[in-house]
>>> print(open('structure_19.txt').read())   # compact mmCIF, C-alpha atoms
# COMPACT_ATOMS: atom_id res chain seq x y z
CA MET A 23 79.06 -4.57 28.09
CA SER A 24 77.50 -1.75 26.17
CA LEU A 25 78.23 1.82 25.31
CA LEU A 26 75.28 4.14 24.90
CA LEU A 27 76.36 7.23 22.95
CA ARG A 28 73.81 9.85 21.96
CA ASN A 29 74.27 13.23 20.32
CA LEU A 30 71.37 15.32 21.66
CA GLN A 31 72.69 18.68 20.44
CA LYS A 32 72.89 20.28 17.02
CA ALA A 33 75.11 23.28 17.65
CA VAL A 34 78.42 21.56 16.83
CA PRO A 35 78.81 18.70 14.35
CA ILE A 36 80.55 15.66 15.80
CA HIS A 37 81.56 12.38 14.19
CA ILE A 38 79.73 9.69 16.18
CA GLY A 39 81.66 6.82 14.57
CA ARG A 40 85.03 8.27 15.52
CA LEU A 41 83.81 9.18 18.99
CA THR A 42 82.51 5.64 19.53
CA LYS A 43 85.87 4.21 18.46
CA ASP A 44 87.79 6.59 20.74
CA ILE A 45 85.58 5.84 23.76
CA ASN A 46 85.98 2.10 23.21
CA ILE A 47 89.77 2.48 23.05
CA ILE A 48 89.69 4.40 26.35
CA ARG A 49 87.40 1.77 27.91
CA GLN A 50 89.81 -0.98 26.87
CA ILE A 51 92.84 0.89 28.25
CA LEU A 52 91.05 1.40 31.58
CA GLY A 53 89.81 -2.19 31.69
CA ILE A 54 86.16 -1.16 31.89
CA GLU A 55 84.85 -2.72 28.70
CA ASN A 56 82.73 -5.09 30.86
CA TYR A 57 80.80 -2.16 32.33
CA ASP A 58 77.91 -0.26 30.77
CA LEU A 59 78.60 3.39 30.07
CA ALA A 60 76.37 6.18 28.78
CA VAL A 61 77.84 9.26 27.09
CA LEU A 62 75.36 11.99 26.21
CA CYS A 63 76.35 14.99 24.10
CA VAL A 64 74.20 17.98 25.02
CA ASP A 65 73.96 21.70 24.33
CA ASN A 66 74.88 24.53 26.69
CA THR A 67 71.32 24.97 27.96
CA ASN A 68 71.05 21.34 29.06
CA ILE A 69 74.54 21.10 30.58
CA GLN A 70 73.93 24.37 32.44
CA SER A 71 70.64 23.05 33.80
CA LEU A 72 72.33 19.87 35.05
CA ASN A 73 75.28 21.81 36.47
CA ASP A 74 72.89 24.10 38.35
CA LYS A 75 70.69 21.27 39.62
CA TYR A 76 73.45 18.96 40.83
CA ARG A 77 76.35 21.32 41.62
CA ASN A 78 74.57 24.63 42.24
CA ILE A 79 76.68 26.25 39.54
CA PRO A 80 74.37 28.06 37.10
CA ARG A 81 76.61 28.06 34.04
CA PRO A 82 77.60 25.63 31.30
CA THR A 83 80.54 23.28 31.76
CA ASP A 84 82.48 20.75 29.73
CA VAL A 85 81.68 17.46 31.46
CA LEU A 86 79.49 16.12 34.24
CA ALA A 87 79.84 12.57 35.50
CA PHE A 88 77.19 10.69 37.44
CA PRO A 89 78.66 7.47 38.84
CA ALA A 90 76.45 4.42 39.32
CA TYR A 91 78.35 3.65 42.54
CA ASP A 92 78.91 6.04 45.43
CA ASP A 93 81.74 4.24 47.18
CA VAL A 94 84.25 3.68 44.39
CA ILE A 95 87.85 3.84 45.56
CA PRO A 96 90.14 5.46 42.97
CA GLY A 97 92.25 2.81 41.29
CA GLN A 98 89.79 0.01 42.03
CA LEU A 99 87.00 -1.03 39.69
CA PRO A 100 83.56 -1.21 41.27
CA SER A 101 82.45 -4.72 42.13
CA ILE A 102 79.73 -6.03 39.87
CA GLU A 103 76.57 -6.79 41.79
CA GLY A 104 74.40 -9.43 40.16
CA ASP A 105 73.80 -8.53 36.54
CA ILE A 106 74.47 -4.83 37.12
CA ALA A 107 77.77 -3.66 35.67
CA ASP A 108 77.02 0.02 35.12
CA LEU A 109 79.71 2.66 35.54
CA GLY A 110 77.35 5.60 35.17
CA ASP A 111 76.59 8.47 32.84
CA ILE A 112 78.72 11.22 31.35
CA PHE A 113 77.23 14.41 29.92
CA LEU A 114 79.39 16.40 27.53
CA GLY A 115 78.70 20.10 26.94
CA ILE A 116 79.69 20.00 23.28
CA PRO A 117 79.37 23.75 22.46
CA TYR A 118 81.26 24.60 25.65
CA ILE A 119 84.05 22.16 24.74
CA HIS A 120 84.12 23.47 21.17
CA ASN A 121 84.54 27.04 22.45
CA TYR A 122 87.69 26.21 24.39
CA CYS A 123 89.36 24.32 21.56
CA GLN A 124 92.51 26.05 20.36
CA PRO A 125 92.47 27.60 16.88
CA ASN A 126 92.81 24.82 14.28
CA GLU A 127 92.31 22.18 17.00
CA PRO A 128 89.51 19.85 15.98
CA ILE A 129 87.01 18.89 18.67
CA THR A 130 87.73 15.25 17.80
CA GLN A 131 91.13 15.65 19.51
CA VAL A 132 89.67 17.29 22.60
CA LEU A 133 86.77 14.91 23.22
CA PRO A 134 88.94 11.90 24.22
CA VAL A 135 90.59 14.07 26.88
CA VAL A 136 87.26 15.24 28.28
CA ILE A 137 85.80 11.73 28.16
CA THR A 138 88.84 10.31 29.97
CA HIS A 139 88.35 12.97 32.63
CA GLY A 140 84.67 12.05 32.98
CA ILE A 141 85.39 8.32 33.18
CA CYS A 142 88.01 8.96 35.86
CA HIS A 143 85.28 10.67 37.90
CA LEU A 144 83.07 7.60 37.42
CA LEU A 145 85.99 5.53 38.74
CA GLY A 146 86.15 7.56 41.95
CA TYR A 147 88.87 10.08 41.08
CA LYS A 148 88.39 13.68 42.21
CA HIS A 149 90.31 16.94 42.07
CA ASP A 150 89.09 18.79 45.16
CA ASN A 151 92.61 19.23 46.54
CA LEU A 152 96.22 18.91 45.37
CA GLU A 153 96.66 15.27 46.44
CA GLN A 154 93.47 14.15 44.68
CA SER A 155 94.34 16.22 41.61
CA LYS A 156 97.76 14.61 41.34
CA GLN A 157 96.25 11.13 41.66
CA MET A 158 93.66 11.88 38.97
CA TYR A 159 96.22 13.55 36.72
CA LYS A 160 98.45 10.49 36.93
CA LYS A 161 95.56 8.23 35.88
CA GLU A 162 94.57 10.56 33.02
CA LEU A 163 98.17 10.89 31.87
CA HIS A 164 98.74 7.13 31.74
CA THR A 165 95.42 6.55 29.97
CA LEU A 166 96.03 9.24 27.36
CA GLN A 167 99.62 8.14 26.75
CA GLU A 168 98.29 4.67 25.93
CA PHE A 169 95.52 6.23 23.84
CA ASN A 170 98.14 8.21 21.92
CA LYS A 171 100.11 5.02 21.18
CA VAL A 172 97.02 3.35 19.71
CA THR A 173 95.70 6.36 17.76
CA GLY A 174 98.86 8.26 16.82
CA LEU A 175 97.46 11.42 18.43
CA ASP A 176 99.20 13.60 21.01
CA VAL A 177 96.52 14.52 23.53
CA LYS A 178 97.26 15.59 27.10
CA PRO A 179 95.26 15.50 30.36
CA MET A 180 92.91 18.29 31.38
CA LEU A 181 94.28 18.54 34.90
CA GLN A 182 97.77 19.69 33.93
CA ASP A 183 96.85 23.38 34.29
CA HIS A 184 94.52 22.71 37.22
CA ILE A 185 97.32 21.24 39.35
CA GLN A 186 99.56 24.23 38.69
CA ASN A 187 96.78 26.57 39.86
CA LEU A 188 96.20 24.80 43.20
>>> encode(input="structure_19.txt", output="structure tokens")
Amino acid sequence: MSLLLRNLQKAVPIHIGRLTKDINIIRQILGIENYDLAVLCVDNTNIQSLNDKYRNIPRPTDVLAFPAYDDVIPGQLPSIEGDIADLGDIFLGIPYIHNYCQPNEPITQVLPVVITHGICHLLGYKHDNLEQSKQMYKKELHTLQEFNKVTGLDVKPMLQDHIQNL
């Protein structure tokens, strides 16, 4: 199915072609290329507004995921109902992500990690407790290891530090 990718921010330049390629690699690894997916790159003001509205947290964040299905069981793809094969929407806070990049670390190497994290949320994974975090970390780790094999990069999951802090 289709990927809708839109850059709605101007604060940080991003390479849409590379990002499209990376997202499609991740979709293939996860076996979700038959599902529609929207990825919207927004500025800090917009991501903060969404974070406040939907999570009651009035500050910017890196990624918000809005699944199309409420009852997705982690590790199982949602069943396609009729012609609807929509995973949901991911919003990326590009300036926020750019600010936590390490010195000399291009945002192009961080975005696949954040997108994988967002897609895992669309697939029902959570990190509200240690057990859920470990399950999500395992999925992210496997996905990014496969991504690294295809791309030659060496990216690592977001949840590595989160699990250690629980």
>>> atom_distance(input="structure_19.txt", atom1="CA of Pro134 (chain A)", atom2="CA of Ser71 (chain A)")
23.5 Å
>>> residues_around(input="structure_19.txt", residues="region 146-149 of chain A", least_positions_apart="4", cutoff="6 Å", atoms="all atoms listed in the file", output="list in words")
Val94, Ile95, Pro96, Cys142, Gln154, Ser155 and Met158 of chain A
>>> write_last_selection(input="structure_19.txt", atoms="C-alpha atoms", output="PDB file, keeping the file's coordinate frame")
ATOM      1  CA  VAL A  94      84.250   3.680  44.390  1.00  0.00           C
ATOM      2  CA  ILE A  95      87.850   3.840  45.560  1.00  0.00           C
ATOM      3  CA  PRO A  96      90.140   5.460  42.970  1.00  0.00           C
ATOM      4  CA  CYS A 142      88.010   8.960  35.860  1.00  0.00           C
ATOM      5  CA  GLN A 154      93.470  14.150  44.680  1.00  0.00           C
ATOM      6  CA  SER A 155      94.340  16.220  41.610  1.00  0.00           C
ATOM      7  CA  MET A 158      93.660  11.880  38.970  1.00  0.00           C
TER       8      MET A 158
END
>>> residues_around(input="structure_19.txt", residues="region 51-58 of chain A", least_positions_apart="2", cutoff="8 Å", atoms="all atoms listed in the file", output="number ranges by chain")
A: 23-26, 46-49, 60, 99, 107-110, 165, 168-169
>>> write_last_selection(input="structure_19.txt", atoms="C-alpha atoms", output="PDB file, in the frame of the given file")
ATOM      1  CA  MET A  23      79.060  -4.570  28.090  1.00  0.00           C
ATOM      2  CA  SER A  24      77.500  -1.750  26.170  1.00  0.00           C
ATOM      3  CA  LEU A  25      78.230   1.820  25.310  1.00  0.00           C
ATOM      4  CA  LEU A  26      75.280   4.140  24.900  1.00  0.00           C
ATOM      5  CA  ASN A  46      85.980   2.100  23.210  1.00  0.00           C
ATOM      6  CA  ILE A  47      89.770   2.480  23.050  1.00  0.00           C
ATOM      7  CA  ILE A  48      89.690   4.400  26.350  1.00  0.00           C
ATOM      8  CA  ARG A  49      87.400   1.770  27.910  1.00  0.00           C
ATOM      9  CA  ALA A  60      76.370   6.180  28.780  1.00  0.00           C
ATOM     10  CA  LEU A  99      87.000  -1.030  39.690  1.00  0.00           C
ATOM     11  CA  ALA A 107      77.770  -3.660  35.670  1.00  0.00           C
ATOM     12  CA  ASP A 108      77.020   0.020  35.120  1.00  0.00           C
ATOM     13  CA  LEU A 109      79.710   2.660  35.540  1.00  0.00           C
ATOM     14  CA  GLY A 110      77.350   5.600  35.170  1.00  0.00           C
ATOM     15  CA  THR A 165      95.420   6.550  29.970  1.00  0.00           C
ATOM     16  CA  GLU A 168      98.290   4.670  25.930  1.00  0.00           C
ATOM     17  CA  PHE A 169      95.520   6.230  23.840  1.00  0.00           C
TER      18      PHE A 169
END
>>> atom_distance(input="structure_19.txt", atom1="CA of Leu62 (chain A)", atom2="CA of Tyr76 (chain A)")
16.3 Å
>>> closest_residue(input="structure_19.txt", among="A:Asn78, A:Ile112, A:Asp44, A:Glu153", to="Gly174 (chain A)", atoms="all atoms listed in the file")
A:Asp44
>>> closest_residue(input="structure_19.txt", among="A:Leu41, A:Leu114, A:Ala87, A:Val177", to="Leu163 (chain A)", atoms="all atoms listed in the file")
A:Val177
>>> decode(input="structure_19.txt", residues="region 148-187 of chain A", atoms="N, CA and C atoms", output="PDB file, in the first residue's frame")
ATOM      1  N   LYS A 148       4.241  -1.099  23.560  1.00  0.00           N
ATOM      2  CA  LYS A 148       4.244   0.002  24.525  1.00  0.00           C
ATOM      3  C   LYS A 148       5.475  -0.122  25.412  1.00  0.00           C
ATOM      4  N   HIS A 149       5.716   0.926  26.200  1.00  0.00           N
ATOM      5  CA  HIS A 149       6.828   0.879  27.154  1.00  0.00           C
ATOM      6  C   HIS A 149       6.420   1.528  28.469  1.00  0.00           C
ATOM      7  N   ASP A 150       5.233   1.123  28.950  1.00  0.00           N
ATOM      8  CA  ASP A 150       4.714   1.660  30.211  1.00  0.00           C
ATOM      9  C   ASP A 150       5.318   0.984  31.438  1.00  0.00           C
ATOM     10  N   ASN A 151       5.854  -0.213  31.252  1.00  0.00           N
ATOM     11  CA  ASN A 151       6.489  -0.920  32.362  1.00  0.00           C
ATOM     12  C   ASN A 151       7.673  -1.717  31.807  1.00  0.00           C
ATOM     13  N   LEU A 152       8.413  -2.353  32.684  1.00  0.00           N
ATOM     14  CA  LEU A 152       9.639  -3.055  32.279  1.00  0.00           C
ATOM     15  C   LEU A 152       9.354  -4.189  31.292  1.00  0.00           C
ATOM     16  N   GLU A 153       8.321  -4.974  31.538  1.00  0.00           N
ATOM     17  CA  GLU A 153       8.008  -6.094  30.645  1.00  0.00           C
ATOM     18  C   GLU A 153       7.674  -5.595  29.234  1.00  0.00           C
ATOM     19  N   GLN A 154       6.820  -4.582  29.153  1.00  0.00           N
ATOM     20  CA  GLN A 154       6.460  -4.016  27.845  1.00  0.00           C
ATOM     21  C   GLN A 154       7.681  -3.407  27.170  1.00  0.00           C
ATOM     22  N   SER A 155       8.503  -2.720  27.948  1.00  0.00           N
ATOM     23  CA  SER A 155       9.698  -2.074  27.390  1.00  0.00           C
ATOM     24  C   SER A 155      10.648  -3.103  26.800  1.00  0.00           C
ATOM     25  N   LYS A 156      10.826  -4.213  27.500  1.00  0.00           N
ATOM     26  CA  LYS A 156      11.705  -5.266  26.993  1.00  0.00           C
ATOM     27  C   LYS A 156      11.164  -5.866  25.702  1.00  0.00           C
ATOM     28  N   GLN A 157       9.858  -6.068  25.642  1.00  0.00           N
ATOM     29  CA  GLN A 157       9.227  -6.616  24.445  1.00  0.00           C
ATOM     30  C   GLN A 157       9.394  -5.651  23.261  1.00  0.00           C
ATOM     31  N   MET A 158       9.181  -4.364  23.511  1.00  0.00           N
ATOM     32  CA  MET A 158       9.320  -3.372  22.448  1.00  0.00           C
ATOM     33  C   MET A 158      10.782  -3.217  22.034  1.00  0.00           C
ATOM     34  N   TYR A 159      11.676  -3.220  23.011  1.00  0.00           N
ATOM     35  CA  TYR A 159      13.103  -3.117  22.717  1.00  0.00           C
ATOM     36  C   TYR A 159      13.556  -4.266  21.819  1.00  0.00           C
ATOM     37  N   LYS A 160      13.090  -5.466  22.128  1.00  0.00           N
ATOM     38  CA  LYS A 160      13.465  -6.642  21.343  1.00  0.00           C
ATOM     39  C   LYS A 160      13.016  -6.480  19.888  1.00  0.00           C
ATOM     40  N   LYS A 161      11.806  -5.963  19.695  1.00  0.00           N
ATOM     41  CA  LYS A 161      11.288  -5.759  18.335  1.00  0.00           C
ATOM     42  C   LYS A 161      12.101  -4.676  17.618  1.00  0.00           C
ATOM     43  N   GLU A 162      12.376  -3.579  18.305  1.00  0.00           N
ATOM     44  CA  GLU A 162      13.175  -2.503  17.716  1.00  0.00           C
ATOM     45  C   GLU A 162      14.579  -2.990  17.379  1.00  0.00           C
ATOM     46  N   LEU A 163      15.182  -3.734  18.292  1.00  0.00           N
ATOM     47  CA  LEU A 163      16.537  -4.223  18.088  1.00  0.00           C
ATOM     48  C   LEU A 163      16.604  -5.107  16.845  1.00  0.00           C
ATOM     49  N   HIS A 164      15.712  -6.075  16.747  1.00  0.00           N
ATOM     50  CA  HIS A 164      15.701  -6.963  15.580  1.00  0.00           C
ATOM     51  C   HIS A 164      15.503  -6.162  14.290  1.00  0.00           C
ATOM     52  N   THR A 165      14.553  -5.248  14.309  1.00  0.00           N
ATOM     53  CA  THR A 165      14.250  -4.439  13.117  1.00  0.00           C
ATOM     54  C   THR A 165      15.465  -3.621  12.703  1.00  0.00           C
ATOM     55  N   LEU A 166      16.098  -2.972  13.653  1.00  0.00           N
ATOM     56  CA  LEU A 166      17.236  -2.106  13.322  1.00  0.00           C
ATOM     57  C   LEU A 166      18.479  -2.907  12.957  1.00  0.00           C
ATOM     58  N   GLN A 167      18.641  -4.098  13.513  1.00  0.00           N
ATOM     59  CA  GLN A 167      19.757  -4.950  13.082  1.00  0.00           C
ATOM     60  C   GLN A 167      19.582  -5.333  11.610  1.00  0.00           C
ATOM     61  N   GLU A 168      18.379  -5.661  11.212  1.00  0.00           N
ATOM     62  CA  GLU A 168      18.107  -5.977   9.812  1.00  0.00           C
ATOM     63  C   GLU A 168      18.276  -4.727   8.943  1.00  0.00           C
ATOM     64  N   PHE A 169      17.830  -3.597   9.444  1.00  0.00           N
ATOM     65  CA  PHE A 169      17.997  -2.324   8.738  1.00  0.00           C
ATOM     66  C   PHE A 169      19.483  -2.041   8.518  1.00  0.00           C
ATOM     67  N   ASN A 170      20.278  -2.274   9.543  1.00  0.00           N
ATOM     68  CA  ASN A 170      21.720  -2.041   9.447  1.00  0.00           C
ATOM     69  C   ASN A 170      22.362  -2.933   8.388  1.00  0.00           C
ATOM     70  N   LYS A 171      21.903  -4.189   8.293  1.00  0.00           N
ATOM     71  CA  LYS A 171      22.443  -5.103   7.277  1.00  0.00           C
ATOM     72  C   LYS A 171      22.170  -4.582   5.872  1.00  0.00           C
ATOM     73  N   VAL A 172      20.990  -4.035   5.663  1.00  0.00           N
ATOM     74  CA  VAL A 172      20.593  -3.555   4.340  1.00  0.00           C
ATOM     75  C   VAL A 172      21.302  -2.242   3.992  1.00  0.00           C
ATOM     76  N   THR A 173      21.438  -1.351   4.985  1.00  0.00           N
ATOM     77  CA  THR A 173      21.933   0.006   4.716  1.00  0.00           C
ATOM     78  C   THR A 173      23.407   0.210   5.011  1.00  0.00           C
ATOM     79  N   GLY A 174      24.007  -0.688   5.793  1.00  0.00           N
ATOM     80  CA  GLY A 174      25.396  -0.496   6.192  1.00  0.00           C
ATOM     81  C   GLY A 174      25.557   0.478   7.348  1.00  0.00           C
ATOM     82  N   LEU A 175      24.460   0.928   7.939  1.00  0.00           N
ATOM     83  CA  LEU A 175      24.528   1.827   9.089  1.00  0.00           C
ATOM     84  C   LEU A 175      24.707   1.018  10.368  1.00  0.00           C
ATOM     85  N   ASP A 176      24.809   1.711  11.491  1.00  0.00           N
ATOM     86  CA  ASP A 176      24.926   1.064  12.788  1.00  0.00           C
ATOM     87  C   ASP A 176      24.044   1.813  13.790  1.00  0.00           C
ATOM     88  N   VAL A 177      22.732   1.750  13.567  1.00  0.00           N
ATOM     89  CA  VAL A 177      21.798   2.444  14.446  1.00  0.00           C
ATOM     90  C   VAL A 177      21.296   1.484  15.516  1.00  0.00           C
ATOM     91  N   LYS A 178      20.923   2.047  16.664  1.00  0.00           N
ATOM     92  CA  LYS A 178      20.496   1.244  17.805  1.00  0.00           C
ATOM     93  C   LYS A 178      19.143   1.745  18.315  1.00  0.00           C
ATOM     94  N   PRO A 179      18.386   0.873  18.982  1.00  0.00           N
ATOM     95  CA  PRO A 179      17.047   1.246  19.452  1.00  0.00           C
ATOM     96  C   PRO A 179      17.051   2.387  20.463  1.00  0.00           C
ATOM     97  N   MET A 180      15.931   3.101  20.499  1.00  0.00           N
ATOM     98  CA  MET A 180      15.738   4.185  21.452  1.00  0.00           C
ATOM     99  C   MET A 180      15.608   3.677  22.880  1.00  0.00           C
ATOM    100  N   LEU A 181      14.995   2.537  23.042  1.00  0.00           N
ATOM    101  CA  LEU A 181      14.612   2.070  24.375  1.00  0.00           C
ATOM    102  C   LEU A 181      15.758   1.520  25.208  1.00  0.00           C
ATOM    103  N   GLN A 182      16.946   1.430  24.666  1.00  0.00           N
ATOM    104  CA  GLN A 182      18.070   0.872  25.404  1.00  0.00           C
ATOM    105  C   GLN A 182      18.274   1.606  26.734  1.00  0.00           C
ATOM    106  N   ASP A 183      18.320   2.915  26.702  1.00  0.00           N
ATOM    107  CA  ASP A 183      18.500   3.706  27.937  1.00  0.00           C
ATOM    108  C   ASP A 183      17.238   3.685  28.792  1.00  0.00           C
ATOM    109  N   HIS A 184      16.072   3.667  28.138  1.00  0.00           N
ATOM    110  CA  HIS A 184      14.812   3.676  28.874  1.00  0.00           C
ATOM    111  C   HIS A 184      14.690   2.450  29.782  1.00  0.00           C
ATOM    112  N   ILE A 185      15.058   1.292  29.269  1.00  0.00           N
ATOM    113  CA  ILE A 185      14.953   0.057  30.049  1.00  0.00           C
ATOM    114  C   ILE A 185      15.865   0.105  31.270  1.00  0.00           C
ATOM    115  N   GLN A 186      17.050   0.656  31.108  1.00  0.00           N
ATOM    116  CA  GLN A 186      17.985   0.737  32.218  1.00  0.00           C
ATOM    117  C   GLN A 186      17.496   1.681  33.308  1.00  0.00           C
ATOM    118  N   ASN A 187      16.621   2.654  32.937  1.00  0.00           N
ATOM    119  CA  ASN A 187      16.129   3.626  33.898  1.00  0.00           C
ATOM    120  C   ASN A 187      14.841   3.178  34.594  1.00  0.00           C
TER     121      ASN A 187
END
